[in-house]
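Pasted below: final_5.cif, mmCIF, C-alpha atoms, pLDDT in the B column; chains and numbers go by the auth columns.
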```
data_work
#
loop_
_atom_site.group_PDB
_atom_site.id
_atom_site.type_symbol
_atom_site.label_atom_id
_atom_site.label_comp_id
_atom_site.label_asym_id
_atom_site.label_seq_id
_atom_site.Cartn_x
_atom_site.Cartn_y
_atom_site.Cartn_z
_atom_site.B_iso_or_equiv
_atom_site.auth_seq_id
_atom_site.auth_asym_id
ATOM 1 C CA MET A 1 -17.126 -79.118 -88.382 71.00 1 A
ATOM 2 C CA ASN A 2 -15.929 -76.473 -90.826 79.00 2 A
ATOM 3 C CA THR A 3 -14.368 -77.312 -94.159 73.00 3 A
ATOM 4 C CA LEU A 4 -11.068 -75.501 -94.507 76.00 4 A
ATOM 5 C CA VAL A 5 -10.148 -76.724 -97.960 78.00 5 A
ATOM 6 C CA GLY A 6 -11.518 -78.981 -100.651 85.00 6 A
ATOM 7 C CA TRP A 7 -9.700 -81.017 -103.263 89.00 7 A
ATOM 8 C CA HIS A 8 -11.107 -82.004 -106.613 92.00 8 A
ATOM 9 C CA VAL A 9 -9.508 -85.007 -108.251 94.00 9 A
ATOM 10 C CA GLU A 10 -9.889 -85.258 -112.017 97.00 10 A
ATOM 11 C CA MET A 11 -9.650 -88.676 -113.620 97.00 11 A
ATOM 12 C CA GLU A 12 -9.620 -89.659 -117.287 97.00 12 A
ATOM 13 C CA PHE A 13 -9.535 -93.082 -118.899 97.00 13 A
ATOM 14 C CA LYS A 14 -8.240 -94.322 -122.222 96.00 14 A
ATOM 15 C CA GLU A 15 -9.217 -97.701 -123.597 92.00 15 A
ATOM 16 C CA GLU A 16 -7.108 -99.467 -126.224 92.00 16 A
ATOM 17 C CA GLY A 17 -8.072 -103.062 -126.901 89.00 17 A
ATOM 18 C CA ASP A 18 -7.514 -105.040 -123.709 91.00 18 A
ATOM 19 C CA ARG A 19 -5.731 -102.159 -121.964 94.00 19 A
ATOM 20 C CA THR A 20 -7.165 -99.388 -119.800 95.00 20 A
ATOM 21 C CA ARG A 21 -5.100 -96.414 -118.676 97.00 21 A
ATOM 22 C CA ALA A 22 -6.180 -93.948 -116.001 98.00 22 A
ATOM 23 C CA VAL A 23 -4.650 -90.547 -115.363 98.00 23 A
ATOM 24 C CA CYS A 24 -5.645 -88.462 -112.364 98.00 24 A
ATOM 25 C CA MET A 25 -4.707 -84.975 -111.243 98.00 25 A
ATOM 26 C CA VAL A 26 -5.212 -82.995 -108.057 97.00 26 A
ATOM 27 C CA ARG A 27 -4.321 -79.382 -107.320 95.00 27 A
ATOM 28 C CA LEU A 28 -3.626 -78.585 -103.671 93.00 28 A
ATOM 29 C CA GLY A 29 -4.325 -75.329 -101.868 87.00 29 A
ATOM 30 C CA ASP A 30 -0.643 -74.347 -102.100 88.00 30 A
ATOM 31 C CA GLY A 31 -0.783 -74.597 -105.906 90.00 31 A
ATOM 32 C CA THR A 32 1.041 -77.919 -106.097 93.00 32 A
ATOM 33 C CA GLU A 33 -0.302 -80.274 -108.752 96.00 33 A
ATOM 34 C CA PHE A 34 0.142 -84.016 -108.771 98.00 34 A
ATOM 35 C CA ARG A 35 -0.508 -86.313 -111.703 98.00 35 A
ATOM 36 C CA ALA A 36 -0.681 -90.053 -111.299 98.00 36 A
ATOM 37 C CA HIS A 37 -1.212 -93.027 -113.583 98.00 37 A
ATOM 38 C CA GLY A 38 -2.658 -96.505 -113.369 98.00 38 A
ATOM 39 C CA ASN A 39 -3.066 -99.359 -115.842 97.00 39 A
ATOM 40 C CA ALA A 40 -5.203 -102.439 -116.180 96.00 40 A
ATOM 41 C CA ASN A 41 -4.842 -105.261 -118.682 94.00 41 A
ATOM 42 C CA ARG A 42 -7.695 -107.647 -119.439 89.00 42 A
ATOM 43 C CA HIS A 43 -6.705 -111.261 -119.810 85.00 43 A
ATOM 44 C CA PRO A 44 -7.748 -112.563 -123.250 83.00 44 A
ATOM 45 C CA SER A 45 -9.939 -115.253 -121.658 85.00 45 A
ATOM 46 C CA ASP A 46 -11.878 -112.712 -119.535 84.00 46 A
ATOM 47 C CA PRO A 47 -15.137 -111.214 -120.852 82.00 47 A
ATOM 48 C CA GLU A 48 -15.136 -107.531 -121.798 80.00 48 A
ATOM 49 C CA GLN A 49 -16.175 -105.458 -118.779 78.00 49 A
ATOM 50 C CA LEU A 50 -15.256 -101.866 -119.472 69.00 50 A
ATOM 51 C CA ARG A 51 -16.192 -100.704 -115.960 87.00 51 A
ATOM 52 C CA VAL A 52 -13.914 -103.265 -114.283 89.00 52 A
ATOM 53 C CA GLY A 53 -10.882 -102.080 -116.242 91.00 53 A
ATOM 54 C CA GLU A 54 -11.673 -98.496 -115.287 94.00 54 A
ATOM 55 C CA GLU A 55 -12.046 -99.433 -111.622 95.00 55 A
ATOM 56 C CA ILE A 56 -8.717 -101.257 -111.532 95.00 56 A
ATOM 57 C CA ALA A 57 -6.795 -98.621 -113.495 97.00 57 A
ATOM 58 C CA GLY A 58 -8.473 -95.853 -111.472 97.00 58 A
ATOM 59 C CA ALA A 59 -7.629 -97.519 -108.165 98.00 59 A
ATOM 60 C CA ARG A 60 -4.007 -97.896 -109.213 98.00 60 A
ATOM 61 C CA ALA A 61 -3.828 -94.237 -110.254 98.00 61 A
ATOM 62 C CA LEU A 62 -5.270 -93.195 -106.889 98.00 62 A
ATOM 63 C CA MET A 63 -2.726 -95.392 -105.091 97.00 63 A
ATOM 64 C CA ASP A 64 0.031 -93.626 -107.041 97.00 64 A
ATOM 65 C CA LEU A 65 -1.497 -90.275 -106.104 97.00 65 A
ATOM 66 C CA ALA A 66 -1.706 -91.282 -102.433 95.00 66 A
ATOM 67 C CA SER A 67 1.970 -92.250 -102.463 94.00 67 A
ATOM 68 C CA GLN A 68 2.950 -88.868 -103.913 95.00 68 A
ATOM 69 C CA LEU A 69 0.844 -87.013 -101.328 94.00 69 A
ATOM 70 C CA LEU A 70 2.414 -89.015 -98.489 92.00 70 A
ATOM 71 C CA GLN A 71 5.889 -88.216 -99.804 91.00 71 A
ATOM 72 C CA LYS A 72 5.067 -84.491 -99.963 92.00 72 A
ATOM 73 C CA ALA A 73 3.666 -84.500 -96.431 90.00 73 A
ATOM 74 C CA HIS A 74 6.690 -86.307 -95.012 90.00 74 A
ATOM 75 C CA THR A 75 9.088 -83.979 -96.823 90.00 75 A
ATOM 76 C CA GLU A 76 7.296 -81.041 -95.191 90.00 76 A
ATOM 77 C CA ILE A 77 7.424 -82.756 -91.781 90.00 77 A
ATOM 78 C CA ASP A 78 11.154 -83.347 -92.221 90.00 78 A
ATOM 79 C CA GLU A 79 11.810 -79.723 -93.203 89.00 79 A
ATOM 80 C CA VAL A 80 10.085 -78.402 -90.084 89.00 80 A
ATOM 81 C CA SER A 81 11.261 -81.022 -87.588 86.00 81 A
ATOM 82 C CA GLY A 82 14.830 -81.459 -88.834 84.00 82 A
ATOM 83 C CA ARG A 83 14.567 -85.240 -88.700 83.00 83 A
ATOM 84 C CA THR A 84 13.555 -87.975 -91.109 82.00 84 A
ATOM 85 C CA SER A 85 9.996 -89.250 -90.913 76.00 85 A
ATOM 86 C CA HIS A 86 8.889 -92.502 -92.478 74.00 86 A
ATOM 87 C CA PRO A 87 5.601 -92.840 -94.314 66.00 87 A
ATOM 88 C CA ILE A 88 3.587 -95.981 -93.756 69.00 88 A
ATOM 89 C CA ASN A 89 3.103 -97.696 -97.102 59.00 89 A
ATOM 90 C CA ARG A 90 0.009 -99.830 -97.389 53.00 90 A
#
```
What would you get if you wrote out this structure as structure tokens?
Amino acid sequence: MNTLVGWHVEMEFKEEGDRTRAVCMVRLGDGTEFRAHGNANRHPSDPEQLRVGEEIAGARALMDLASQLLQKAHTEIDEVSGRTSHPINR
């Protein structure tokens, strides 16, 4: 199998007290860039686990990114087909 294109997703995290914020960005082959965000809040009774906050915030940012990519793909399908497609949201 040949690789036609590769995507590199960049992700950064910011920690402030009990809050973790993730920001991710991907640049597609057509030059389009998408930025997405995700947040996690630690409950005061939970122990500090920096990695867990990053995983949750990161997962939420990637879910936001996935939603944006699905919307772009379906917009392109609609433009070519002349009908409305419906993305499956999971």
Evaluate the PyMOL selection byres ((chain A and resi 36) around 12) and report residues as a ChimeraX atom specification: /A:9-12,21-27,33-35,37-39,57-69
Polymer residues at most 12 Å from Gly17 in chain A, only C-alpha atoms, same-chain spacing of 4 or more positions, as a PyMOL selection string: chain A and resi 21+40-44+48-50+53
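Straight-line separation from CA of Trp7 in chain A to CA of Leu28 in chain A: 6.6 Å.
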Selection result for the PyMOL selection byres ((chain A and resi 85) around 12) on this file, as a list in words: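 Answer for the PyMOL selection byres ((chain A and resi 85) around 12): Leu70, Gln71, Lys72, Ala73, His74, Thr75, Glu76, Ile77, Asp78, Glu79, Val80, Ser81, Gly82, Arg83, Thr84, His86, Pro87 and Ile88 of chain A.
For the residues A:Met1, A:Asp46, A:Glu55, A:Gly29, ranking by smallest atom-to-atom distance to Phe13 in chain A using all atoms listed in the file places A:Glu55 first.
Between CA of Gly6 in chain A and CA of Arg51 in chain A the interatomic distance comes to 27.0 Å.
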Quick one: what's the axis-aligned box for range 71-85 of chain A, all listed atoms, 8 Å on every side, centre and edges in Å to one decimal, as lines of an AutoDock Vina configuration file?
```
center_x = 9.2
center_y = -83.8
center_z = -93.8
size_x = 27.2
size_y = 26.8
size_z = 28.4
```
